[in-house]
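For reference, work_0.pdb (PDB, C-alpha atoms):
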```
ATOM      1  CA  MET A   1      89.277 111.546 103.792  1.00  0.00           C
ATOM      2  CA  ARG A   2      87.876 109.324 101.036  1.00  0.00           C
ATOM      3  CA  LEU A   3      91.388 108.504  99.867  1.00  0.00           C
ATOM      4  CA  LEU A   4      92.408 107.516 103.381  1.00  0.00           C
ATOM      5  CA  GLN A   5      89.364 105.261 103.639  1.00  0.00           C
ATOM      6  CA  GLN A   6      90.193 103.671 100.293  1.00  0.00           C
ATOM      7  CA  GLN A   7      93.777 102.906 101.213  1.00  0.00           C
ATOM      8  CA  SER A   8      93.082 101.631 104.698  1.00  0.00           C
ATOM      9  CA  GLY A   9      89.611 100.137 104.247  1.00  0.00           C
ATOM     10  CA  ALA A  10      88.671  96.484 104.100  1.00  0.00           C
ATOM     11  CA  GLY A  11      89.385  94.537 100.955  1.00  0.00           C
ATOM     12  CA  GLY A  12      92.842  95.923 100.335  1.00  0.00           C
ATOM     13  CA  GLY A  13      92.039  99.616  99.957  1.00  0.00           C
ATOM     14  CA  ALA A  14      92.952 101.581  96.896  1.00  0.00           C
ATOM     15  CA  ASN A  15      95.620  99.095  95.908  1.00  0.00           C
ATOM     16  CA  SER A  16      97.841 101.962  94.794  1.00  0.00           C
ATOM     17  CA  THR A  17     101.314 103.191  95.435  1.00  0.00           C
ATOM     18  CA  GLY A  18     102.118 106.414  97.229  1.00  0.00           C
ATOM     19  CA  SER A  19     100.677 108.006 100.300  1.00  0.00           C
ATOM     20  CA  VAL A  20      97.357 109.715 100.828  1.00  0.00           C
ATOM     21  CA  ARG A  21      99.282 112.994 100.918  1.00  0.00           C
ATOM     22  CA  ASP A  22     100.720 112.200  97.439  1.00  0.00           C
ATOM     23  CA  HIS A  23      97.246 111.575  96.042  1.00  0.00           C
ATOM     24  CA  VAL A  24      95.812 114.747  97.598  1.00  0.00           C
ATOM     25  CA  ALA A  25      98.766 116.771  96.267  1.00  0.00           C
ATOM     26  CA  ALA A  26      98.254 115.272  92.808  1.00  0.00           C
ATOM     27  CA  ARG A  27      94.544 116.105  92.942  1.00  0.00           C
ATOM     28  CA  ASP A  28      95.163 119.655  94.099  1.00  0.00           C
ATOM     29  CA  SER A  29      97.782 120.256  91.401  1.00  0.00           C
ATOM     30  CA  ALA A  30      95.888 118.500  88.602  1.00  0.00           C
ATOM     31  CA  PRO A  31      95.264 120.609  85.526  1.00  0.00           C
ATOM     32  CA  ALA A  32      91.880 122.292  85.330  1.00  0.00           C
ATOM     33  CA  VAL A  33      89.233 120.725  83.128  1.00  0.00           C
ATOM     34  CA  THR A  34      89.798 122.090  79.669  1.00  0.00           C
ATOM     35  CA  ALA A  35      87.890 121.316  76.534  1.00  0.00           C
ATOM     36  CA  ILE A  36      89.815 118.763  74.529  1.00  0.00           C
ATOM     37  CA  SER A  37      89.263 119.038  70.802  1.00  0.00           C
ATOM     38  CA  SER A  38      91.817 116.582  69.403  1.00  0.00           C
ATOM     39  CA  ASP A  39      93.375 113.213  70.021  1.00  0.00           C
ATOM     40  CA  ALA A  40      96.775 114.881  70.363  1.00  0.00           C
ATOM     41  CA  GLU A  41      95.474 117.083  73.192  1.00  0.00           C
ATOM     42  CA  LEU A  42      94.104 114.075  75.064  1.00  0.00           C
ATOM     43  CA  PHE A  43      97.322 112.090  74.578  1.00  0.00           C
ATOM     44  CA  THR A  44      99.356 115.051  75.851  1.00  0.00           C
ATOM     45  CA  ARG A  45      97.031 115.378  78.837  1.00  0.00           C
ATOM     46  CA  VAL A  46      97.453 111.770  79.985  1.00  0.00           C
ATOM     47  CA  THR A  47     101.156 111.452  79.183  1.00  0.00           C
ATOM     48  CA  GLN A  48     102.570 114.902  80.014  1.00  0.00           C
ATOM     49  CA  LYS A  49     100.227 117.397  81.701  1.00  0.00           C
ATOM     50  CA  GLU A  50      98.727 114.839  84.084  1.00  0.00           C
ATOM     51  CA  PRO A  51     100.817 111.702  83.437  1.00  0.00           C
ATOM     52  CA  PHE A  52      99.089 108.388  83.952  1.00  0.00           C
ATOM     53  CA  ALA A  53     102.137 107.189  85.907  1.00  0.00           C
ATOM     54  CA  THR A  54     100.826 109.368  88.774  1.00  0.00           C
ATOM     55  CA  TYR A  55      97.369 107.765  88.778  1.00  0.00           C
ATOM     56  CA  GLY A  56      96.176 105.332  91.447  1.00  0.00           C
ATOM     57  CA  LEU A  57      95.241 101.749  90.665  1.00  0.00           C
ATOM     58  CA  PHE A  58      91.564 100.923  90.385  1.00  0.00           C
ATOM     59  CA  PRO A  59      90.501 100.119  93.963  1.00  0.00           C
ATOM     60  CA  ASN A  60      89.743  96.589  95.085  1.00  0.00           C
ATOM     61  CA  ALA A  61      90.636  95.089  91.712  1.00  0.00           C
ATOM     62  CA  ASP A  62      93.674  93.055  90.767  1.00  0.00           C
ATOM     63  CA  GLU A  63      96.577  95.184  89.520  1.00  0.00           C
ATOM     64  CA  ILE A  64      96.599  93.204  86.275  1.00  0.00           C
ATOM     65  CA  THR A  65      93.396  91.573  85.032  1.00  0.00           C
ATOM     66  CA  SER A  66      92.960  89.074  82.255  1.00  0.00           C
ATOM     67  CA  GLY A  67      90.096  87.868  80.170  1.00  0.00           C
ATOM     68  CA  THR A  68      87.071  89.769  79.004  1.00  0.00           C
ATOM     69  CA  LEU A  69      83.839  90.911  80.580  1.00  0.00           C
ATOM     70  CA  ASN A  70      80.519  89.685  79.215  1.00  0.00           C
ATOM     71  CA  GLY A  71      79.927  91.094  75.766  1.00  0.00           C
ATOM     72  CA  SER A  72      83.378  92.585  75.322  1.00  0.00           C
ATOM     73  CA  SER A  73      86.328  91.451  73.275  1.00  0.00           C
ATOM     74  CA  ALA A  74      88.262  94.690  73.789  1.00  0.00           C
ATOM     75  CA  HIS A  75      91.161  95.403  76.111  1.00  0.00           C
ATOM     76  CA  HIS A  76      92.825  92.023  76.398  1.00  0.00           C
ATOM     77  CA  PRO A  77      94.699  89.836  77.103  1.00  0.00           C
ATOM     78  CA  LEU A  78      96.017  91.809  80.117  1.00  0.00           C
ATOM     79  CA  VAL A  79      94.875  95.160  81.502  1.00  0.00           C
ATOM     80  CA  ARG A  80      96.097  97.490  84.244  1.00  0.00           C
ATOM     81  CA  THR A  81      93.421 100.081  85.081  1.00  0.00           C
ATOM     82  CA  SER A  82      94.155 103.308  86.917  1.00  0.00           C
ATOM     83  CA  LEU A  83      92.341 106.540  87.749  1.00  0.00           C
ATOM     84  CA  ASN A  84      93.487 110.115  88.134  1.00  0.00           C
ATOM     85  CA  ALA A  85      93.009 111.929  91.443  1.00  0.00           C
ATOM     86  CA  THR A  86      89.742 113.516  90.266  1.00  0.00           C
ATOM     87  CA  ALA A  87      88.207 110.105  89.551  1.00  0.00           C
ATOM     88  CA  LEU A  88      89.587 108.555  92.747  1.00  0.00           C
ATOM     89  CA  GLY A  89      88.167 111.456  94.746  1.00  0.00           C
ATOM     90  CA  ALA A  90      84.655 110.616  93.523  1.00  0.00           C
ATOM     91  CA  LEU A  91      84.755 107.142  95.054  1.00  0.00           C
ATOM     92  CA  GLN A  92      83.593 106.123  98.505  1.00  0.00           C
ATOM     93  CA  ASN A  93      85.120 102.932  99.858  1.00  0.00           C
ATOM     94  CA  GLY A  94      86.317 102.148  96.346  1.00  0.00           C
ATOM     95  CA  LYS A  95      82.879 102.453  94.737  1.00  0.00           C
ATOM     96  CA  LEU A  96      80.998 105.136  92.856  1.00  0.00           C
ATOM     97  CA  PRO A  97      78.117 106.144  95.160  1.00  0.00           C
ATOM     98  CA  ALA A  98      74.706 105.084  93.860  1.00  0.00           C
ATOM     99  CA  GLY A  99      73.081 107.634  91.595  1.00  0.00           C
ATOM    100  CA  THR A 100      76.281 109.616  91.029  1.00  0.00           C
ATOM    101  CA  LYS A 101      78.626 110.067  88.104  1.00  0.00           C
ATOM    102  CA  PHE A 102      82.299 110.846  87.862  1.00  0.00           C
ATOM    103  CA  PRO A 103      83.061 114.587  87.810  1.00  0.00           C
ATOM    104  CA  ASN A 104      84.369 116.321  84.729  1.00  0.00           C
ATOM    105  CA  GLY A 105      88.132 115.935  84.460  1.00  0.00           C
ATOM    106  CA  SER A 106      88.065 112.301  85.615  1.00  0.00           C
ATOM    107  CA  VAL A 107      90.328 109.928  83.699  1.00  0.00           C
ATOM    108  CA  ILE A 108      90.019 106.152  83.536  1.00  0.00           C
ATOM    109  CA  PHE A 109      93.208 104.793  81.995  1.00  0.00           C
ATOM    110  CA  LYS A 110      93.767 101.238  80.790  1.00  0.00           C
ATOM    111  CA  ASP A 111      97.248 100.010  79.974  1.00  0.00           C
ATOM    112  CA  VAL A 112      96.537  97.065  77.663  1.00  0.00           C
ATOM    113  CA  ARG A 113      99.363  94.519  77.537  1.00  0.00           C
ATOM    114  CA  THR A 114     100.341  91.326  75.782  1.00  0.00           C
ATOM    115  CA  ASN A 115     100.700  88.096  77.757  1.00  0.00           C
ATOM    116  CA  SER A 116     104.416  88.859  78.031  1.00  0.00           C
ATOM    117  CA  GLY A 117     103.613  92.227  79.649  1.00  0.00           C
ATOM    118  CA  THR A 118     104.423  94.555  76.749  1.00  0.00           C
ATOM    119  CA  THR A 119     102.116  97.569  76.557  1.00  0.00           C
ATOM    120  CA  VAL A 120     100.336  97.727  73.208  1.00  0.00           C
ATOM    121  CA  THR A 121      97.469 100.167  73.802  1.00  0.00           C
ATOM    122  CA  TYR A 122      96.404 102.978  76.083  1.00  0.00           C
ATOM    123  CA  ALA A 123      92.597 103.041  76.358  1.00  0.00           C
ATOM    124  CA  VAL A 124      91.431 106.367  77.785  1.00  0.00           C
ATOM    125  CA  MET A 125      88.109 107.651  79.064  1.00  0.00           C
ATOM    126  CA  TYR A 126      88.116 111.388  79.848  1.00  0.00           C
ATOM    127  CA  LYS A 127      84.990 112.838  81.479  1.00  0.00           C
ATOM    128  CA  ASP A 128      83.775 116.049  79.852  1.00  0.00           C
ATOM    129  CA  THR A 129      79.997 116.133  79.692  1.00  0.00           C
ATOM    130  CA  ASP A 130      79.910 119.429  77.779  1.00  0.00           C
ATOM    131  CA  ASN A 131      82.308 118.353  75.038  1.00  0.00           C
ATOM    132  CA  ARG A 132      80.721 117.994  71.604  1.00  0.00           C
ATOM    133  CA  LEU A 133      82.915 114.914  71.018  1.00  0.00           C
ATOM    134  CA  ALA A 134      81.692 113.105  74.148  1.00  0.00           C
ATOM    135  CA  GLY A 135      79.634 109.936  74.070  1.00  0.00           C
ATOM    136  CA  ASN A 136      77.703 109.264  77.287  1.00  0.00           C
ATOM    137  CA  GLY A 137      79.641 112.151  78.865  1.00  0.00           C
ATOM    138  CA  TRP A 138      83.096 110.726  78.107  1.00  0.00           C
ATOM    139  CA  LEU A 139      85.751 111.187  75.455  1.00  0.00           C
ATOM    140  CA  TRP A 140      86.804 107.702  74.327  1.00  0.00           C
ATOM    141  CA  ALA A 141      90.205 107.042  72.776  1.00  0.00           C
ATOM    142  CA  GLU A 142      92.865 104.443  72.223  1.00  0.00           C
ATOM    143  CA  PHE A 143      96.495 105.230  71.523  1.00  0.00           C
ATOM    144  CA  ASN A 144      99.606 103.261  70.794  1.00  0.00           C
ATOM    145  CA  PRO A 145     102.348 104.070  73.313  1.00  0.00           C
ATOM    146  CA  ASN A 146     104.113 106.171  70.640  1.00  0.00           C
ATOM    147  CA  GLY A 147     101.055 108.442  70.451  1.00  0.00           C
ATOM    148  CA  SER A 148      99.604 107.179  67.202  1.00  0.00           C
ATOM    149  CA  ILE A 149      95.824 106.944  67.237  1.00  0.00           C
ATOM    150  CA  GLY A 150      94.126 103.574  67.515  1.00  0.00           C
ATOM    151  CA  TYR A 151      90.624 104.941  68.147  1.00  0.00           C
ATOM    152  CA  SER A 152      89.811 108.627  67.782  1.00  0.00           C
ATOM    153  CA  ILE A 153      87.745 110.831  70.074  1.00  0.00           C
ATOM    154  CA  THR A 154      85.962 112.003  66.923  1.00  0.00           C
ATOM    155  CA  ASN A 155      84.104 108.669  66.917  1.00  0.00           C
ATOM    156  CA  ARG A 156      82.287 109.834  70.076  1.00  0.00           C
ATOM    157  CA  GLY A 157      82.643 106.384  71.601  1.00  0.00           C
ATOM    158  CA  ALA A 158      80.544 104.688  68.913  1.00  0.00           C
ATOM    159  CA  GLY A 159      82.746 101.581  69.068  1.00  0.00           C
ATOM    160  CA  CYS A 160      82.954 101.631  72.877  1.00  0.00           C
ATOM    161  CA  THR A 161      79.592 102.504  74.363  1.00  0.00           C
ATOM    162  CA  SER A 162      77.793  99.337  73.275  1.00  0.00           C
ATOM    163  CA  CYS A 163      79.990  97.191  75.550  1.00  0.00           C
ATOM    164  CA  HIS A 164      80.283  99.826  78.275  1.00  0.00           C
ATOM    165  CA  SER A 165      76.459  99.933  78.365  1.00  0.00           C
ATOM    166  CA  LEU A 166      76.207  96.228  79.251  1.00  0.00           C
ATOM    167  CA  GLU A 167      75.819  94.645  82.678  1.00  0.00           C
ATOM    168  CA  ARG A 168      76.467  97.229  85.436  1.00  0.00           C
ATOM    169  CA  GLY A 169      78.063  99.774  83.096  1.00  0.00           C
ATOM    170  CA  PRO A 170      75.221 102.319  83.138  1.00  0.00           C
ATOM    171  CA  GLU A 171      74.926 102.317  86.932  1.00  0.00           C
ATOM    172  CA  ASN A 172      78.694 102.934  87.184  1.00  0.00           C
ATOM    173  CA  ASP A 173      78.894 105.801  84.675  1.00  0.00           C
ATOM    174  CA  PHE A 174      79.950 103.349  81.936  1.00  0.00           C
ATOM    175  CA  VAL A 175      83.060 102.187  83.821  1.00  0.00           C
ATOM    176  CA  ARG A 176      82.927  98.388  83.777  1.00  0.00           C
ATOM    177  CA  THR A 177      86.045  97.753  85.851  1.00  0.00           C
ATOM    178  CA  PHE A 178      83.770  97.962  88.915  1.00  0.00           C
ATOM    179  CA  GLU A 179      82.532  94.516  87.800  1.00  0.00           C
ATOM    180  CA  ARG A 180      86.037  93.158  88.462  1.00  0.00           C
ATOM    181  CA  GLN A 181      86.240  94.351  92.071  1.00  0.00           C
ATOM    182  CA  ARG A 182      86.788  91.862  94.845  1.00  0.00           C
TER     183      ARG A 182
END
```
In structure tokens, how does this file's structure come out?
Amino acid sequence: MRLLQQQSGAGGGANSTGSVRDHVAARDSAPAVTAISSDAELFTRVTQKEPFATYGLFPNADEITSGTLNGSSAHHPLVRTSLNATALGALQNGKLPAGTKFPNGSVIFKDVRTNSGTTVTYAVMYKDTDNRLAGNGWLWAEFNPNGSIGYSITNRGAGCTSCHSLERGPENDFVRTFERQR
């Protein structure tokens, strides 16, 4: 029901391709939450086991955003942000309900592109509050499209959480794309 509300609600809905049935099927067939212990496992998760191409666009935000948020010089010049079915299922009317957090297994995926539209980085947040490598409940990583590591989960988000803790980050489980919603 939440997915239907997102896609048909005011403000443009979920802004994603595919039907509600597709999103529900993707959610129901998504791999179970498993402890990820390496960058390679996370890359495989978001590119093969639960490919980011099946994720929905971040609701009520432009498909491609440009510029930076206050205090952040990361993820630019262009970004396309998407969420897996687990993360989308946590939202109500495109927002994270007050006082809640994303459930384990949620993925926030940023496709970082050049001004000409070439993908240069995959920035990944994977929710796993019990993982020893998590920072603020998330695994934080960046990969080049070929799978090489740009920022390792072993850093526990040390280079990420300072910016994700700014502005409305903490009230949105450290996901700052909510600040870009229309």
(request) Would you kindly return, as a PyMOL selection string, each protein, DNA or RNA residue with an atom no farther than 12 Å from any atom of segment 44-51 of chain A, considering all atoms listed in the file and excluding same-chain residues fewer than 3 positions away? (result) chain A and resi 26-41+54-56+82-86+105-111+122-126+141-148
(message) So, with only C-alpha atoms as the atoms that count, which of A:Leu88, A:Ile149, A:Ala74, A:Ala134 lies closest to Val112 of chain A?
(response)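 Comparing A:Leu88, A:Ile149, A:Ala74, A:Ala134 against Val112 of chain A, the winner is A:Ala74.
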(request) Could you check which of A:Thr118, A:Leu78, A:Ser66, A:Asn60 is closest to Gln92 of chain A, using all atoms listed in the file? (result) A:Asn60
(message) Using Å and a single decimal, report how far atom CA of Arg168 of chain A sits from atom CA of Ala53 of chain A.
(response)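 For atom CA of Ala53 of chain A relative to atom CA of Arg168 of chain A, the distance reads 27.5 Å.
The coordinates place atom CA of Gly135 of chain A at 10.2 Å from atom CA of Gly159 of chain A.
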(message) Which residue is closest to His164 of chain A? Choose from A:Ser152, A:Leu133, A:Glu179, A:Arg113 and count only C-alpha atoms.
(response)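 Closest to His164 of chain A, using only C-alpha atoms: A:Glu179.
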(message) One number please: atom CA of Phe58 of chain A to atom CA of Arg132 of chain A, in Å, one decimal.
(response) 27.6 Å
What are the centre and the three edge lengths of an axis-aligned box that wraps all atoms of segment 59-76 of chain A in the file, given that 5 Å is added to every side, written as lines of an AutoDock Vina configuration file and rounded to one decimal in Å?
```
center_x = 88.3
center_y = 94.0
center_z = 84.2
size_x = 26.7
size_y = 22.3
size_z = 31.8
```
(request) Using the chain letters and numbers from the file, give me the residues hit by the PyMOL selection byres ((chain A and resi 165) around 12), as a VMD selection string. (result) chain A and resid 69 to 72 135 to 136 157 to 164 166 to 176
(request) Would you please work out which residue, of A:Ile64, A:Leu42, A:Thr154, A:Arg80, is nearest to Lys127 of chain A when using only C-alpha atoms? (result) A:Leu42
(request) Could you tell me which residues the PyMOL selection byres ((chain A and resi 101) around 9) grabs in this file, written as a PyMOL selection string? (result) chain A and resi 90+96-100+102-103+171-173
